[in-house]
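Asker: After the structure tokens below, expect a handful of questions from me.
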Protein chains: 4
Amino acid sequence: MAPLTPRLVVPIDVKKQPWEQKVPLHNRWHPDIPPVADVTEGELFRVEMVDWTGGRVRDDNSADDIKFLDLTITHYLSGPLRIVDSEGVPASPGDLLAVEICNLGPLPGDEWGYTAIFERENGGGFLTDHFPTARKAIWYFEGIYAYSPQIPGVRFPGLTHPGIVGTAPSVELLNIWNEREKRLAETSPQALKLCEVLHQRPLANLPTPENCLLGKIQEGTAEWHKMANEAARTIPGRENGGNCDIKNLSRGSKVYLPVFVEGANLSTGDMHFSQGDGEVSFCGAIEMSGFLELKCEIIRGGMKEYLSPVGPTPLHVNPIFEIGPVEPRFSEWLVFEGISVDESGKQHFLDASVAYKRAVLNAIEYLSRFGYSKEQVYLLLSCCPCEGRISGIVDSPNAVATLAIPTAIFDQVYLLLSCCPCEGRISGIVDSPNAVTTLAIPTAIFDQDIKPKCLNGRPLGGPQLRRLPDLLSCSNNGHLPATQGKSGTSAP
Amino acid sequence: MAPLTPRLVVPIDVKKQPWEQKVPLHNRWHPDIPPVADVTEGELFRVEMVDWTGGRVRDDNSADDIKFLDLTITHYLSGPLRIVDSEGVPASPGDLLAVEICNLGPLPGDEWGYTAIFERENGGGFLTDHFPTARKAIWYFEGIYAYSPQIPGVRFPGLTHPGIVGTAPSVELLNIWNEREKRLAETSPQALKLCEVLHQRPLANLPTPENCLLGKIQEGTAEWHKMANEAARTIPGRENGGNCDIKNLSRGSKVYLPVFVEGANLSTGDMHFSQGDGEVSFCGAIEMSGFLELKCEIIRGGMKEYLSPVGPTPLHVNPIFEIGPVEPRFSEWLVFEGISVDESGKQHFLDASVAYKRAVLNAIEYLSRFGYSKEQVYLLLSCCPCEGRISGIVDSPNAVATLAIPTAIFDQVYLLLSCCPCEGRISGIVDSPNAVTTLAIPTAIFDQDIKPKCLNGRPLGGPQLRRLPDLLSCSNNGHLPATQGKSGTSAP
Amino acid sequence: MAPLTPRLVVPIDVKKQPWEQKVPLHNRWHPDIPPVADVTEGELFRVEMVDWTGGRVRDDNSADDIKFLDLTITHYLSGPLRIVDSEGVPASPGDLLAVEICNLGPLPGDEWGYTAIFERENGGGFLTDHFPTARKAIWYFEGIYAYSPQIPGVRFPGLTHPGIVGTAPSVELLNIWNEREKRLAETSPQALKLCEVLHQRPLANLPTPENCLLGKIQEGTAEWHKMANEAARTIPGRENGGNCDIKNLSRGSKVYLPVFVEGANLSTGDMHFSQGDGEVSFCGAIEMSGFLELKCEIIRGGMKEYLSPVGPTPLHVNPIFEIGPVEPRFSEWLVFEGISVDESGKQHFLDASVAYKRAVLNAIEYLSRFGYSKEQVYLLLSCCPCEGRISGIVDSPNAVATLAIPTAIFDQVYLLLSCCPCEGRISGIVDSPNAVTTLAIPTAIFDQDIKPKCLNGRPLGGPQLRRLPDLLSCSNNGHLPATQGKSGTSAP
Amino acid sequence: MAPLTPRLVVPIDVKKQPWEQKVPLHNRWHPDIPPVADVTEGELFRVEMVDWTGGRVRDDNSADDIKFLDLTITHYLSGPLRIVDSEGVPASPGDLLAVEICNLGPLPGDEWGYTAIFERENGGGFLTDHFPTARKAIWYFEGIYAYSPQIPGVRFPGLTHPGIVGTAPSVELLNIWNEREKRLAETSPQALKLCEVLHQRPLANLPTPENCLLGKIQEGTAEWHKMANEAARTIPGRENGGNCDIKNLSRGSKVYLPVFVEGANLSTGDMHFSQGDGEVSFCGAIEMSGFLELKCEIIRGGMKEYLSPVGPTPLHVNPIFEIGPVEPRFSEWLVFEGISVDESGKQHFLDASVAYKRAVLNAIEYLSRFGYSKEQVYLLLSCCPCEGRISGIVDSPNAVATLAIPTAIFDQVYLLLSCCPCEGRISGIVDSPNAVTTLAIPTAIFDQDIKPKCLNGRPLGGPQLRRLPDLLSCSNNGHLPATQGKSGTSAP
């Protein structure tokens with residue numbers, strides 16, 4: 001007889017603040033954050049997590065919480081967990097920690113999430129030059145499905161995953177991080193060509209004691225002060241895994257993490273009900289609180305055996321993953337392409353980031369023709385299970401990136417209504433003076449032999465006008481302060 | 001009764017040179033290349049194509065053909081085809097041309113292909129700083145499968161597709177291309193930060209009359225001279241589609257191409273038996289001759305209706321695609337991650353190209369532990385159906401890219417042989433002085449409860465030594481001339 | 001703001017007996033069983049369920065509970081639920097009830113299940129003539145995965161589903177059921193040709209007051225006596241859905257049930273963590289307690305609109321289903337065929353049941369060569385996600401049925417150990433005097449070019465001998481009482 | 001360097017009669033039919049095949065060819081091929097022959113096929129009591145897709161496969177076949193309960209010299225007479241494989257066939273562009289001429305090693321199969337259920353054939369509501385990639401079978417036209433006096449929140465009347481002769 005349920009090692013009460021939880025949370029990476037629990041190899045255990053902001057974003061009618069969110073609070077993580085083998089010997093630096101995600105989901109009783117656009121001056125996002133003001137959409141879950149009152153006509157099964165899973169860095173690795181990111185932040189934007197095209201800021205998020213939470217280390221102590229000034233922020237993914245935002249790390253997948261400190265010190269957080277490749281709007285997944293059911297295995301000496309460093313030290317490695325067997329299955333995809341020519345028409349050299357930006361812009365333009373605002377589509381592409389691929393990275397000078405969208409996420413009646421020359425008859429949901437309206441993704445789901453007949457000999461009309469629900473906005477949008485760099489100037 | 005077989009509009013004789021074909025080929029984009037045939041909307045037709053080099057690469061024992069290949073010859077395309085509707089009215093600028101790929105494959109009697117690494121000084125590739133010398137692998141086809149004598153232990157079904165499908169540019173669009181690429185080429189490498197990390201060259205391939213083939217336009221005439229000096233090279237993908245190298249454009253998929261000139265002037269070429277996302281070794285697909293069976297539809301006014309320009313003119317658009325229903329099905333994937341920190345340890349800002357480079361390097365390092373040379377893996381990742389994704393593009397400063405490899409492409413016995421402590425017993429294929437050898441992708445295909453027993457209590461050993469077949473090499477490798485830029489200096 | 005969690009309408013306490021639950025259960029179909037709750041169209045609600053036996057089968061070391069299980073207790077169902085529209089009007093006879101399964105799973109804290117062979121004289125099963133004695137295997141769940149100490153070397157993701165989902169029959173439909181099943185039971189086995197081949201018994205399970213549970217109707221009352229003598233048993237699937245055991249009714253699927261009584265009176269039960277097509281060992285799924293999260297919609301008049309009766313009355317209909325988007329994904333299948341020739345060599349006429357029996361026997365024989373007992377394989381094929389298909393049903397006289405098994409459910413190291421001529425070295429788990437042992441499903445996972453070398457020139461040996469864990473057995477097996485029909489005589 | 005194309009061992013000229021082909025064909029199973037070619041293990045070779053009738057069914061406007069087709073001519077097979085190993089030693093009885101299907105397809109220039117209903121008195125079919133008269137539909141191929149002028153609104157990718165692949169029987173096995181089938185045919189229909197429900201006839205097809213073709217054995221010789229009187233007909237699948245009609249034996253799949261005679265004597269034929277599970281209309285696949293590219297391997301002694309006999313002799317075995325990796329991918333399925341209660345309301349005991357018959361009838365009734373005739377749907381379910389499954393085979397007395405149809409095969413506009421209350425406006429293709437028409441598979445593809453609005457507040461109307469193209473019929477339908485058994489009497 002085996003234990004019939006996973007052991008709960010980190011419980012969460014969503015009614016409490018992050019710093020009030022029974023098992024203390026943390027929001028920085030540091031080797032000296034003390035483990036909150038021991039976990040034995042082979043044991044099935046459960047970790048619960050607050051959402052990345054610890055409850056600061058609410059299920060309400062305003063995007064003000066997004067607009068004013070202090071990013072120094074993020075991400076609230078559960079852990080660290082000290083992993084030991086069946087004889088009690090902890091994982092050691094140089095080992096590989098295999099973490100199997102046996103199950104995951106939202107926390108019972110808290111089955112909702114949100115997707116947001118951050119303000120250009122506060123966090124930004126991949127397209128912050130195009131969409132500079134804060135917006136928010138709420139998502140409700142119906143088992144495997146999510147829907148949003150703010151983005152009507154879509155409902156899709158989530159590919160739920162943790163945005164963050166990582167081990168603690170060693171002192172040496174922490175120093176490497178802090179040095180290379182500091183160097184980047186100090187470089188003026190002029191020296192970074194991508195900054196002209198990707199308007200996100202800041203360039204890097206350096207250590208700061210502000211809002212720093214270090215688990216069992218009490219705030220205000222000398223130890224806390226020392227650690228808070230050097231502990232790495234959680235925003236980027238790094239050698240320890242961390243915020244890698246790989247949407248396919250869902251049920252049944254496995255992560256092989258390098259171990260840098262004794263016990264591995266595993267932390268997790270930033271649960272996503274669903275996310276598109278790239279998570280383009282920054283707060284772009286369907287962010288939620290949630291739980292993980294995990295099983296660990298220590299592969300002794302595995303770092304040397306399986307991970308070859310690519311960089312100046314043996315610590316310059318990256319985790320390996322295996323994808324699980326139960327992802328949602330889509331069979332029809334509409335694909336948008338981008339090449340590394342930016343919005344100003346300038347040619348870039350094999351730049352996949354520029355190419356992907358253009359692919360996303362193309363998809364936004366296309367889908368906005370069916371009654372959505374562009375901000376709605378931007379959010380949708382951030383959080384629906386779309387795939388961003390690097391198709392060509394060698395055909396100078398153009399990198400080719402693609403964005404593939406499963407058409408099944410769209411309510412087909414919603415889109416098809418534009419196709420039929422039915423005028424006032426469907427007046428309940430279409431508020432259009434123009435009778436014959438645009439055919440929606442018609443080439444994706446229609447048979448061409450039929451299409452002309454469907455339109456009854458009339459020419460294709462213009463885009464359809466509808467009065468749709470829109471995204472939740474912040475109270476003072478329209479009064480965006482001026483940006484100080486080039487980035488602000490090229491916004492449309 | 002319908003016609004029982006597609007009409008052959010461009011026949012190819014692979015025993016003849018590209019310029020000797022019955023229907024003339026071309027290797028440049030230009031509005032004035034005359035159509036070689038008319039095709040009617042709705043008609044099923046067949047186009048045959050030489051491989052991208054027109055037969056310059058041979059099924060022989062040397063990579064010299066790769067080393068000395070003159071890139072001004074590429075890519076030989078079939079077409080242009082003038083598309084008309086059922087009343088004979090040609091497609092017009094502003095229309096959208098829907099091209100359905102009903103079938104495709106290698107040419108009967110020519111069922112083989114090749115994958116190659118280009119010399120650093122002649123074309124290069126995504127990792128040319130790591131792999132600067134020319135190499136070649138030959139692939140033979142067995143129906144849907146390909147195998148290579150030079151890369152033993154893998155056999156996989158191809159996701160066959162055309163690397164190039166595109167319409168002719170208008171004069172205005174051609175000018176835009178030439179100007180922006182010229183500007184890029186004139187910029188010194190110092191101004192292009194990516195050139196320090198991506199050592200490919202040249203920066204752009206500008207128009208040149210050298211080896212220029214313009215279909216029915218006779219070489220040497222005044223018209224030819226004028227056109228040859230302004231016709232765009234075929235290497236990058238651009239607004240007209242072109243060399244987009246999207247591996248999923250296989251059976252049943254559909255391309256929606258913008259029409260820039262009367263008749264659309266559709267051209268195709270560069271058939272790939274299989275390709276990985278990114279086609280990283282540049283000549284990285286399994287290159288072959290082949291055929292396409294196509295069906296076109298003209299969507300009148302569709303460019304304006306469905307494609308929104310992203311850029312300064314209405315011509316700054318990109319095609320849209322639909323993926324077909326019969327791709328090979330893989331259920332287990334091993335995923336490698338990369339972040340935008342380069343090999344020197346330098347932090348880049350949200351650079352997906354750098355992140356993908358690192359993911360590819362990580363995969364090469366990993367797989368080379370199982371008896372392959374790194375060049376073998378580099379070629380394999382270029383041509384097998386692996387997926388390159390942009391996972392995170394907003395978590396400053398690290399972009400996160402992933403490379404996912406379907407484990408089913410590997411012959412499992414080949415890899416498993418290292419797992420069993422069988423020493424001399426399996427002497428037939430393993431030529432190793434060391435008895436206990438590395439466990440191959442064990443975490444991908446093994447159950448951990450069993451693994452320690454499998455190794456019989458012995459510690460994990462080092463990588464296995466085998467005398468494997470290697471890639472075909474060129475005659476004078478090792479005498480690589482010095483490069484003139486920064487790119488040459490950081491090669492390992 | 002929407003409710004953030006589904007409303008719990010039927011709670012279960014697994015520590016209590018079925019008749020002690022707060023909301024009373026039932027184990028018969030009858031129009032007069034009173035609804036236990038109302039549910040509104042569009043509302044997300046949660047139903048919890050005991051396992052089909054209400055806790056009679058235990059996580060212990062004996063199959064005695066299976067041997068002596070009284071089948072008159074089954075199946076304990078939760079419900080009936082009365083479905084009303086948003087204005088409170090209940091579903092009416094003639095409507096169609098669409099039930100979406102938004103989520104499901106085991107009950108938290110009770111994450112285990114069992115699969116069993118019933119005794120030939122007590123329930124039997126598809127192969128009861130071959131496997132007449134009771135056996136049991138326990139399965140433990142690790143999130144999406146199940147494993148059994150009694151069937152080592154397999155672990156697979158469940159395609160979890162309710163075995164039973166149905167509406168209450170009307171009086172008229174109940175009478176049809178009772179009459180046609182009584183007629184069958186009264187027919188002597190001699191008149192039923194399939195009984196010579198399928199030795200299951202009894203032929204039908206007619207109404208009986210024994211162990212009858214009728215929800216809110218108190219046992220012993222006159223009403224109870226009347227109803228208990230006419231209420232239909234729950235074992236077969238019928239026009240109301242019921243025990244249809246369709247393994248693909250998992251997350252995201254939808255059932256369209258005919259409505260026969262006011263309110264529809266929806267009941268559910270018999271949760272399966274996983275099941276193979278046919279559920280061949282009778283208690284053949286991984287049986288468990290569990291929960292469903294459901295959403296209903298009433299399609300007014302939908303029965304007439306969408307379901308055409310096939311039979312003498314308008315009630316002779318069957319439900320329709322839609323499969324959900326998140327089933328486990330397997331890409332390699334090993335397929336066993338059967339034709340309608342029985343074990344005695346007798347030819348049957350297009351009999352799919354006989355053909356499927358032979359396909360299952362073929363699979364058992366094959367897999368038992370790899371160290372499993374035949375009973376172990378019989379149980380495994382009952383509960384793993386294998387597919388039973390009717391391939392040919394017209395090529396007289398042979399029906400062709402197939403059984404497809406996803407090879408990924410097997411621990412590959414477990415099976416591969418037989419392949420390597422490693423003798424005593426792997427002594428930990430192989431207890432074999434014979435050095436070179438059988439290659440396991442080699443053709444499924446091996447490349448043939450390699451195989452002969454792997455065996456090192458030695459001929460293929462016989463099946464491998466291992467001392468494996470076996471199934472849990474009942475205390476007095478071997479003393480099976482004689483059967484009274486033909487069925488007993490042909491058992492092996 | 002390897003051969004670049006498969007060796008053609010059996011060429012076909014579709015303009016010639018089956019008996020005029022350069023390499024002689026055969027249409028019976030017999031050990032003494034001489035091999036037409038040798039094939040070496042590991043060699044890639046190509047076999048071409050006529051369609052099963054050898055060209056008797058024409059691409060014309062009448063079903064007369066079906067009505068009067070003489071079934072003694074079928075199936076014309078290519079082969080036998082003698083399989084030898086690399087040293088020239090042929091496969092021996094007791095070996096296993098692994099046949100990999102590397103590629104397959106229609107013959108170039110003959111890219112069409114047909115699906116038919118056979119006359120009740122001449123061949124019949126699974127539902128011959130419901131559909132007793134001959135009908136025909138022609139299918140044209142566009143690469144991977146097929147469409148039929150007689151069944152508008154559907155187009156789907158084929159899961160192309162050979163209906164027949166088999167080895168020659170030994171004398172002993174041939175005798176077993178002839179004896180058991182003769183015994184069946186001699187049994188009166190009264191003794192076979194299934195014959196009351198499945199009206200197919202004849203019960204078995206016994207050897208007959210009529211139209212017998214035996215390859216190189218010259219017709220009329222003494223040898224021919226002897227063999228023709230004992231050679232087995234090709235209609236049923238048997239121990240040697242044969243006409244197993246397994247729709248998933250497509251590209252990349254593998255068959256493991258028992259070897260009964262020296263050289264194995266492999267024959268293939270009956271190519272299907274596509275087929276549904278069960279091939280219910282008998283001539284139910286999309287029948288075509290075609291080619292196979294195959295690769296064989298001999299597993300010495302493999303019959304004993306891998307195939308356990310289920311029956312009285314060691315010859316009572318069945319082949320094993322592996323499914324290939326490139327089947328069409330569908331994600332949405334509509335599922336119809338059947339239970340073992342027949343059309344008269346009679347209860348059968350766990351009879352999967354009866355249950356499947358009812359599932360097929362349910363699907364026909366449902367789909368015929370969308371403007372199709374029932375015969376059109378019957379043919380469509382025979383040939384489209386639908387799946388027939390045995391869901392429950394133990395819940396006495398009802399077997400539960402399901403038929404799952406991928407909804408993507410339907411032209412969605414075609415079906416959706418009924419949904420919109422657009423009346424005369426879509427007059428081009430709908431010829432209906434009734435304005436508001438049935439919603440087509442609405443629950444499969446629609447979102448319920450939208451549906452009532454789509455219907456604009458009107459109640460759901462009755463089925464839509466359209467004047468559709470219908471199936472090709474035979475000249476004298478309506479004059480069906482009386483049948484002699486019970487089977488004729490219950491036809492509707």
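Just remember, in the structure tokens the first chain shown is A, the second B, etc., residues are 1-based per chain, and ligands are 1-based in the order shown.
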At a cut-off of 6 Å, which residues of chain B touch chain A? Count only C-alpha atoms and give the answer as JSON, numbers by chain.
Answerer: {"B": [125, 126, 180, 203, 204, 235, 236, 245, 246, 277, 278, 282, 308, 310, 311, 312, 320, 321, 322, 323, 333, 334, 335, 336, 343, 344, 345, 347, 351, 352, 353, 365, 388, 389, 390, 391, 392, 393, 394, 395, 396, 397, 398]}
Asker: DSSP on the backbone: which residues in region 277-427 of chain B end up as strand (DSSP E)? Give the answer as a PyMOL selection string.
Answerer: chain B and resi 282-287+290-299+320-322+333-339+387-392+400-406
Asker: Would you kindly return, as a PDB file with N, CA, C and O atoms, in the first residue's frame, each protein, DNA or RNA residue with an atom no farther than 9 Å from any atom of Asn122 (chain D), considering only C-alpha atoms and excluding same-chain residues fewer than 3 positions away?
Answerer:
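Output file around07.pdb follows:
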```pdb
ATOM      1  N   LYS D  67     -23.872  -3.364 -60.475  1.00  0.00           N
ATOM      2  CA  LYS D  67     -25.010  -4.277 -60.347  1.00  0.00           C
ATOM      3  C   LYS D  67     -24.691  -5.662 -60.901  1.00  0.00           C
ATOM      4  O   LYS D  67     -25.079  -6.685 -60.338  1.00  0.00           O
ATOM      5  N   PHE D  68     -23.981  -5.684 -62.027  1.00  0.00           N
ATOM      6  CA  PHE D  68     -23.773  -6.958 -62.708  1.00  0.00           C
ATOM      7  C   PHE D  68     -22.365  -7.516 -62.524  1.00  0.00           C
ATOM      8  O   PHE D  68     -21.966  -8.430 -63.229  1.00  0.00           O
ATOM      9  N   LEU D  69     -21.607  -6.943 -61.600  1.00  0.00           N
ATOM     10  CA  LEU D  69     -20.223  -7.396 -61.443  1.00  0.00           C
ATOM     11  C   LEU D  69     -20.183  -8.848 -60.968  1.00  0.00           C
ATOM     12  O   LEU D  69     -20.864  -9.228 -60.017  1.00  0.00           O
ATOM     13  N   ASP D  70     -19.370  -9.639 -61.644  1.00  0.00           N
ATOM     14  CA  ASP D  70     -19.223 -11.054 -61.284  1.00  0.00           C
ATOM     15  C   ASP D  70     -18.152 -11.164 -60.195  1.00  0.00           C
ATOM     16  O   ASP D  70     -16.967 -10.940 -60.460  1.00  0.00           O
ATOM     17  N   LEU D  71     -18.559 -11.521 -58.986  1.00  0.00           N
ATOM     18  CA  LEU D  71     -17.601 -11.513 -57.873  1.00  0.00           C
ATOM     19  C   LEU D  71     -16.572 -12.640 -57.947  1.00  0.00           C
ATOM     20  O   LEU D  71     -15.605 -12.647 -57.182  1.00  0.00           O
ATOM     21  N   PHE D 118     -23.296  -2.701 -53.315  1.00  0.00           N
ATOM     22  CA  PHE D 118     -23.602  -3.870 -54.133  1.00  0.00           C
ATOM     23  C   PHE D 118     -25.082  -4.226 -53.991  1.00  0.00           C
ATOM     24  O   PHE D 118     -25.712  -3.967 -52.964  1.00  0.00           O
ATOM     25  N   GLU D 119     -25.585  -4.800 -55.055  1.00  0.00           N
ATOM     26  CA  GLU D 119     -26.975  -5.249 -55.074  1.00  0.00           C
ATOM     27  C   GLU D 119     -27.161  -6.332 -54.001  1.00  0.00           C
ATOM     28  O   GLU D 119     -26.277  -7.151 -53.771  1.00  0.00           O
ATOM     29  N   ARG D 201     -24.933 -11.747 -48.024  1.00  0.00           N
ATOM     30  CA  ARG D 201     -24.818 -13.059 -48.627  1.00  0.00           C
ATOM     31  C   ARG D 201     -23.800 -12.992 -49.724  1.00  0.00           C
ATOM     32  O   ARG D 201     -23.521 -11.925 -50.231  1.00  0.00           O
ATOM     33  N   PRO D 202     -23.228 -14.123 -50.130  1.00  0.00           N
ATOM     34  CA  PRO D 202     -23.431 -15.444 -49.555  1.00  0.00           C
ATOM     35  C   PRO D 202     -22.704 -15.599 -48.219  1.00  0.00           C
ATOM     36  O   PRO D 202     -21.918 -14.743 -47.845  1.00  0.00           O
TER      37      PRO D 202
END
```
Asker: Tell me, as a compact mmCIF listing (two decimals) with N, CA, C and O atoms, in the first residue's frame, which residues lie within 8 Å of Met271 (chain D), counting only C-alpha atoms; anything in the same chain fewer than 6 positions away does not count.
Answerer:
```
# COMPACT_ATOMS: atom_id res chain seq x y z
N MET D 49 -0.48 -2.44 -59.05
CA MET D 49 -1.67 -3.29 -58.93
C MET D 49 -2.85 -2.68 -59.68
O MET D 49 -3.03 -1.47 -59.65
N ASP D 51 -7.01 -2.21 -59.88
CA ASP D 51 -8.01 -2.15 -58.82
C ASP D 51 -8.59 -3.55 -58.63
O ASP D 51 -8.39 -4.43 -59.46
N TRP D 52 -9.34 -3.78 -57.56
CA TRP D 52 -9.76 -5.15 -57.20
C TRP D 52 -10.56 -5.84 -58.31
O TRP D 52 -10.54 -7.07 -58.40
N THR D 160 -4.39 6.18 -47.29
CA THR D 160 -4.27 5.20 -48.37
C THR D 160 -3.59 3.91 -47.88
O THR D 160 -2.66 3.96 -47.07
N HIS D 161 -4.08 2.77 -48.34
CA HIS D 161 -3.56 1.49 -47.86
C HIS D 161 -3.95 0.37 -48.81
O HIS D 161 -4.91 0.50 -49.57
N PRO D 162 -3.22 -0.75 -48.77
CA PRO D 162 -3.65 -1.93 -49.52
C PRO D 162 -4.70 -2.69 -48.71
O PRO D 162 -4.50 -2.96 -47.52
N GLY D 163 -5.83 -3.03 -49.33
CA GLY D 163 -6.81 -3.87 -48.64
C GLY D 163 -6.26 -5.26 -48.40
O GLY D 163 -6.56 -5.91 -47.40
N ILE D 164 -5.42 -5.73 -49.35
CA ILE D 164 -4.90 -7.10 -49.26
C ILE D 164 -3.38 -7.11 -49.26
O ILE D 164 -2.75 -6.55 -50.14
N GLU D 287 -11.98 2.59 -54.05
CA GLU D 287 -11.23 1.53 -54.73
C GLU D 287 -10.45 2.14 -55.89
O GLU D 287 -10.97 2.96 -56.64
N MET D 288 -9.19 1.70 -56.05
CA MET D 288 -8.38 2.28 -57.13
C MET D 288 -7.28 1.31 -57.54
O MET D 288 -7.03 0.31 -56.86
N SER D 289 -6.65 1.57 -58.65
CA SER D 289 -5.37 0.94 -58.97
C SER D 289 -4.31 1.68 -58.16
O SER D 289 -4.57 2.75 -57.63
N GLY D 290 -3.10 1.09 -58.07
CA GLY D 290 -2.11 1.78 -57.26
C GLY D 290 -0.76 1.10 -57.24
O GLY D 290 -0.55 0.10 -57.95
N PHE D 291 0.12 1.66 -56.44
CA PHE D 291 1.46 1.06 -56.30
C PHE D 291 1.84 1.01 -54.82
O PHE D 291 1.34 1.78 -53.99
```
Asker: So which residues of region 215-249 of chain D fall under helix (DSSP H, G or I) by DSSP, listed as a list of chain:residue names?
Answerer: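 Assigned to helix (DSSP H, G or I), within region 215-249 of chain D: D:Ala222, D:Glu223, D:Trp224, D:His225, D:Lys226, D:Met227, D:Ala228.
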